[in-house]
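Student: Got a structure for you, written out below as structure tokens; questions coming shortly.
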Amino acid sequence: MNNLALVLQDLGQPNKAKPLLERAITIDEATRSPNHPVTALRLNNLALVLQDLGQLNAAKPLLERALTIHEATHSPNHPQSALYLNNLAGLLQDLGQLDEAEILLERARRIREAQ
């Protein structure tokens, strides 16, 4: 479901991708855990679809939750954390929250440089 949703998003069909990702999250939360890293990835993907649909305020808590899950299951300095930070920063930038976006982008830069 997740992969099909990503293809649909790439094809410019985020309205078709959204319900697939919502269903994938429901399944992951039931079969893995609401705090599983795969759940975080699905939340991130759904948030990006919502961002494409212009639903920025709906996307923000999903990206925040994905980052929280990822940092709890890996570490705040894990290389993949930079991706989650960049995605959240991009959303904050779209929302006009530039100071907050800059802080997250700086964190992401430090993580990448430490690799």
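Following the order of the structure tokens, first chain is A, next is B, and so on, with residues numbered from 1 inside each chain and ligands from 1 in the order they appear.
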Could you pull the residues within 12 Å of Pro14 of chain A, counting only C-alpha atoms, minus those fewer than 6 positions along the same chain, as a list in words?

Tutor: Leu4, Ala5, Leu6, Val7, Leu8, Leu20, Leu21, Asn45, Leu46, Ala47, Leu48, Val49, Leu50, Gln51, Asp52, Leu53, Gly54 and Gln55 of chain A

Student: Just how far from atom CA of Ile69 of chain A is atom CA of Ala40 of chain A, in Å to one decimal?

Tutor: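 Going from atom CA of Ala40 of chain A over to atom CA of Ile69 of chain A, I get 6.0 Å.
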
Student: Find the residues near Leu105 of chain A: any atom within 8 Å, counting only C-alpha atoms, skip ones fewer than 4 places away on the same chain, and give them as a list in words.

Tutor: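 The filter keeps Leu85, Asn86, Ala89, Ala101 and Arg109 of chain A.
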
Student: Could those selected residues go to a file with N, CA and C atoms, as a PDB file, in the first residue's frame?

Tutor:
```pdb
ATOM      1  N   LEU A  85      13.946  15.805  10.094  1.00  0.00           N
ATOM      2  CA  LEU A  85      14.119  17.226  10.424  1.00  0.00           C
ATOM      3  C   LEU A  85      13.934  18.103   9.194  1.00  0.00           C
ATOM      4  N   ASN A  86      14.509  17.696   8.081  1.00  0.00           N
ATOM      5  CA  ASN A  86      14.365  18.468   6.835  1.00  0.00           C
ATOM      6  C   ASN A  86      12.908  18.531   6.387  1.00  0.00           C
ATOM      7  N   ALA A  89      11.095  20.865   8.687  1.00  0.00           N
ATOM      8  CA  ALA A  89      11.547  22.237   8.419  1.00  0.00           C
ATOM      9  C   ALA A  89      10.922  22.782   7.144  1.00  0.00           C
ATOM     10  N   ALA A 101      12.029  26.702  11.370  1.00  0.00           N
ATOM     11  CA  ALA A 101      12.596  25.910  10.277  1.00  0.00           C
ATOM     12  C   ALA A 101      14.116  25.995  10.286  1.00  0.00           C
ATOM     13  N   ARG A 109      21.855  19.749   9.548  1.00  0.00           N
ATOM     14  CA  ARG A 109      23.207  19.987   9.020  1.00  0.00           C
ATOM     15  C   ARG A 109      24.262  19.396   9.948  1.00  0.00           C
TER      16      ARG A 109
END
```
